[in-house]
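This report refers to the structure that appears directly beneath it.
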Amino acid sequence: MGLVYLIIIGAVAGYLATRIMRIDADPLVTIGIGVAGALLGGLILQGILAFLGLLGGIIGAVLGALVLIWGYQAYKARK
């Protein structure tokens, strides 16, 4: 059940992050960004947002995905 939960949260987070950062991405990339963001955001914000439950997971995942997109854009701009 944990993997399904991670994919669902990742899909929502990836969608929100790509819309906030105005990135056009296919659904697989969007889910990938969201899942990676969920892992990153979950590690960073685990203690802070633990009391919010599912909402905290989505917030952490979106923030993590935003950081990943920002880092990728900064890396791509240097090339």
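Please note that chains go A, B, ... in the order of the structure tokens, that every chain numbers its residues from 1, and that ligands are numbered from 1 in the order shown.
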
Polymer residues at most 9 Å from Pro27 (chain A), only C-alpha atoms, same-chain spacing of 4 or more positions, as JSON, numbers by chain: {"A": [11, 14, 15, 31, 32]}

Dump all heavy atoms for the selected residues as a JSON list (two decimals), in the first residue's frame?
[["chain", "number", "residue", "atom", "x", "y", "z"],
["A", 11, "ALA", "N", 2.03, 11.80, -8.08],
["A", 11, "ALA", "CA", 1.32, 12.31, -9.24],
["A", 11, "ALA", "C", 0.71, 13.67, -8.95],
["A", 11, "ALA", "O", 0.81, 14.61, -9.75],
["A", 11, "ALA", "CB", 0.24, 11.32, -9.67],
["A", 14, "GLY", "N", 3.67, 16.18, -8.42],
["A", 14, "GLY", "CA", 4.31, 16.49, -9.70],
["A", 14, "GLY", "C", 3.45, 17.40, -10.56],
["A", 14, "GLY", "O", 3.95, 18.33, -11.19],
["A", 15, "TYR", "N", 2.15, 17.12, -10.60],
["A", 15, "TYR", "CA", 1.24, 17.97, -11.37],
["A", 15, "TYR", "C", 1.26, 19.40, -10.83],
["A", 15, "TYR", "O", 1.41, 20.36, -11.60],
["A", 15, "TYR", "CB", -0.18, 17.41, -11.33],
["A", 15, "TYR", "CG", -1.17, 18.30, -12.03],
["A", 15, "TYR", "CD1", -1.26, 18.31, -13.41],
["A", 15, "TYR", "CD2", -2.00, 19.17, -11.31],
["A", 15, "TYR", "CE1", -2.15, 19.14, -14.06],
["A", 15, "TYR", "CE2", -2.89, 20.00, -11.95],
["A", 15, "TYR", "CZ", -2.96, 19.99, -13.32],
["A", 15, "TYR", "OH", -3.84, 20.83, -13.96],
["A", 31, "ILE", "N", 4.93, 12.35, -12.89],
["A", 31, "ILE", "CA", 4.86, 11.42, -11.75],
["A", 31, "ILE", "C", 6.25, 11.19, -11.18],
["A", 31, "ILE", "O", 6.43, 11.16, -9.96],
["A", 31, "ILE", "CB", 4.18, 10.11, -12.16],
["A", 31, "ILE", "CG1", 2.70, 10.35, -12.47],
["A", 31, "ILE", "CG2", 4.32, 9.04, -11.07],
["A", 31, "ILE", "CD1", 1.99, 9.17, -13.09],
["A", 32, "GLY", "N", 7.24, 11.05, -12.05],
["A", 32, "GLY", "CA", 8.62, 10.86, -11.58],
["A", 32, "GLY", "C", 9.12, 12.02, -10.76],
["A", 32, "GLY", "O", 9.74, 11.84, -9.70]]

Within 9 Å of Gly64 (chain A) using only C-alpha atoms, minus same-chain residues under 3 positions, as an mmCIF file with all heavy atoms, in the first residue's frame:
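Writing the result to around_29.cif gives the following:
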data_model
loop_
_atom_site.group_PDB
_atom_site.id
_atom_site.type_symbol
_atom_site.label_atom_id
_atom_site.label_comp_id
_atom_site.auth_asym_id
_atom_site.auth_seq_id
_atom_site.Cartn_x
_atom_site.Cartn_y
_atom_site.Cartn_z
ATOM 1 N N ALA A 13 1.633 15.790 -6.513
ATOM 2 C CA ALA A 13 2.709 16.749 -6.267
ATOM 3 C C ALA A 13 3.403 17.152 -7.560
ATOM 4 O O ALA A 13 3.709 18.321 -7.779
ATOM 5 C CB ALA A 13 3.727 16.156 -5.291
ATOM 6 N N ALA A 17 3.561 20.881 -8.974
ATOM 7 C CA ALA A 17 4.883 21.500 -9.138
ATOM 8 C C ALA A 17 5.132 21.916 -10.583
ATOM 9 O O ALA A 17 5.662 23.006 -10.829
ATOM 10 C CB ALA A 17 5.974 20.538 -8.672
ATOM 11 N N ILE A 33 8.859 13.232 -11.226
ATOM 12 C CA ILE A 33 9.241 14.431 -10.478
ATOM 13 C C ILE A 33 8.526 14.456 -9.138
ATOM 14 O O ILE A 33 9.122 14.757 -8.110
ATOM 15 C CB ILE A 33 8.906 15.706 -11.290
ATOM 16 C CG1 ILE A 33 9.857 15.853 -12.469
ATOM 17 C CG2 ILE A 33 8.979 16.952 -10.404
ATOM 18 C CD1 ILE A 33 9.447 16.931 -13.442
ATOM 19 N N GLY A 34 7.255 14.122 -9.161
ATOM 20 C CA GLY A 34 6.476 14.129 -7.924
ATOM 21 C C GLY A 34 6.934 13.082 -6.927
ATOM 22 O O GLY A 34 7.037 13.351 -5.732
ATOM 23 N N ALA A 36 9.979 11.672 -6.756
ATOM 24 C CA ALA A 36 11.280 12.105 -6.244
ATOM 25 C C ALA A 36 11.110 13.267 -5.265
ATOM 26 O O ALA A 36 11.776 13.325 -4.227
ATOM 27 C CB ALA A 36 12.188 12.519 -7.401
ATOM 28 N N GLY A 37 10.210 14.175 -5.579
ATOM 29 C CA GLY A 37 9.924 15.288 -4.676
ATOM 30 C C GLY A 37 9.298 14.816 -3.382
ATOM 31 O O GLY A 37 9.592 15.348 -2.303
ATOM 32 N N ALA A 38 8.458 13.783 -3.471
ATOM 33 C CA ALA A 38 7.851 13.229 -2.263
ATOM 34 C C ALA A 38 8.911 12.612 -1.362
ATOM 35 O O ALA A 38 8.872 12.771 -0.143
ATOM 36 C CB ALA A 38 6.795 12.190 -2.631
ATOM 37 N N LEU A 39 9.854 11.925 -1.970
ATOM 38 C CA LEU A 39 10.944 11.349 -1.176
ATOM 39 C C LEU A 39 11.799 12.436 -0.549
ATOM 40 O O LEU A 39 12.105 12.397 0.644
ATOM 41 C CB LEU A 39 11.799 10.434 -2.057
ATOM 42 C CG LEU A 39 11.125 9.163 -2.532
ATOM 43 C CD1 LEU A 39 12.018 8.436 -3.529
ATOM 44 C CD2 LEU A 39 10.783 8.268 -1.368
ATOM 45 N N LEU A 40 12.180 13.426 -1.349
ATOM 46 C CA LEU A 40 13.000 14.527 -0.839
ATOM 47 C C LEU A 40 12.245 15.338 0.200
ATOM 48 O O LEU A 40 12.750 15.594 1.299
ATOM 49 C CB LEU A 40 13.432 15.437 -1.994
ATOM 50 C CG LEU A 40 14.273 16.656 -1.638
ATOM 51 C CD1 LEU A 40 15.621 16.214 -1.102
ATOM 52 C CD2 LEU A 40 14.447 17.532 -2.852
ATOM 53 N N GLY A 41 11.043 15.728 -0.118
ATOM 54 C CA GLY A 41 10.236 16.519 0.817
ATOM 55 C C GLY A 41 9.883 15.741 2.068
ATOM 56 O O GLY A 41 9.842 16.292 3.168
ATOM 57 N N GLY A 42 9.648 14.451 1.918
ATOM 58 C CA GLY A 42 9.335 13.621 3.064
ATOM 59 C C GLY A 42 10.503 13.515 4.027
ATOM 60 O O GLY A 42 10.319 13.538 5.251
ATOM 61 N N ILE A 44 12.975 15.767 4.350
ATOM 62 C CA ILE A 44 13.274 17.080 4.921
ATOM 63 C C ILE A 44 12.194 17.530 5.899
ATOM 64 O O ILE A 44 12.476 18.021 6.983
ATOM 65 C CB ILE A 44 13.444 18.124 3.792
ATOM 66 C CG1 ILE A 44 14.688 17.784 2.973
ATOM 67 C CG2 ILE A 44 13.550 19.526 4.364
ATOM 68 C CD1 ILE A 44 14.823 18.611 1.722
ATOM 69 N N ILE A 59 2.062 18.555 0.767
ATOM 70 C CA ILE A 59 2.839 19.800 0.863
ATOM 71 C C ILE A 59 4.328 19.503 0.762
ATOM 72 O O ILE A 59 5.058 20.158 0.009
ATOM 73 C CB ILE A 59 2.511 20.551 2.173
ATOM 74 C CG1 ILE A 59 1.081 21.090 2.127
ATOM 75 C CG2 ILE A 59 3.503 21.689 2.409
ATOM 76 C CD1 ILE A 59 0.584 21.641 3.451
ATOM 77 N N GLY A 60 4.791 18.517 1.508
ATOM 78 C CA GLY A 60 6.200 18.142 1.462
ATOM 79 C C GLY A 60 6.620 17.672 0.082
ATOM 80 O O GLY A 60 7.697 18.017 -0.408
ATOM 81 N N ALA A 61 5.768 16.890 -0.570
ATOM 82 C CA ALA A 61 6.073 16.385 -1.903
ATOM 83 C C ALA A 61 6.134 17.515 -2.929
ATOM 84 O O ALA A 61 7.017 17.540 -3.788
ATOM 85 C CB ALA A 61 5.038 15.345 -2.316
ATOM 86 N N VAL A 67 11.837 22.050 -5.545
ATOM 87 C CA VAL A 67 13.290 22.140 -5.373
ATOM 88 C C VAL A 67 13.998 21.364 -6.474
ATOM 89 O O VAL A 67 14.986 21.837 -7.039
ATOM 90 C CB VAL A 67 13.705 21.632 -3.969
ATOM 91 C CG1 VAL A 67 15.198 21.443 -3.873
ATOM 92 C CG2 VAL A 67 13.219 22.589 -2.897
ATOM 93 N N LEU A 68 13.500 20.190 -6.809
ATOM 94 C CA LEU A 68 14.106 19.402 -7.885
ATOM 95 C C LEU A 68 14.010 20.110 -9.232
ATOM 96 O O LEU A 68 14.972 20.148 -9.994
ATOM 97 C CB LEU A 68 13.435 18.033 -7.978
ATOM 98 C CG LEU A 68 13.785 17.042 -6.890
ATOM 99 C CD1 LEU A 68 12.957 15.779 -7.042
ATOM 100 C CD2 LEU A 68 15.255 16.695 -6.931
ATOM 101 N N ILE A 69 12.857 20.662 -9.541
ATOM 102 C CA ILE A 69 12.696 21.386 -10.808
ATOM 103 C C ILE A 69 13.613 22.600 -10.842
ATOM 104 O O ILE A 69 14.278 22.869 -11.844
ATOM 105 C CB ILE A 69 11.231 21.803 -11.025
ATOM 106 C CG1 ILE A 69 10.373 20.568 -11.268
ATOM 107 C CG2 ILE A 69 11.102 22.769 -12.197
ATOM 108 C CD1 ILE A 69 8.887 20.855 -11.282
#

Distance in Å - CA of Lys79 (chain A) versus CA of Val35 (chain A):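 Calculated distance between CA of Lys79 (chain A) and CA of Val35 (chain A) is 25.9 Å.
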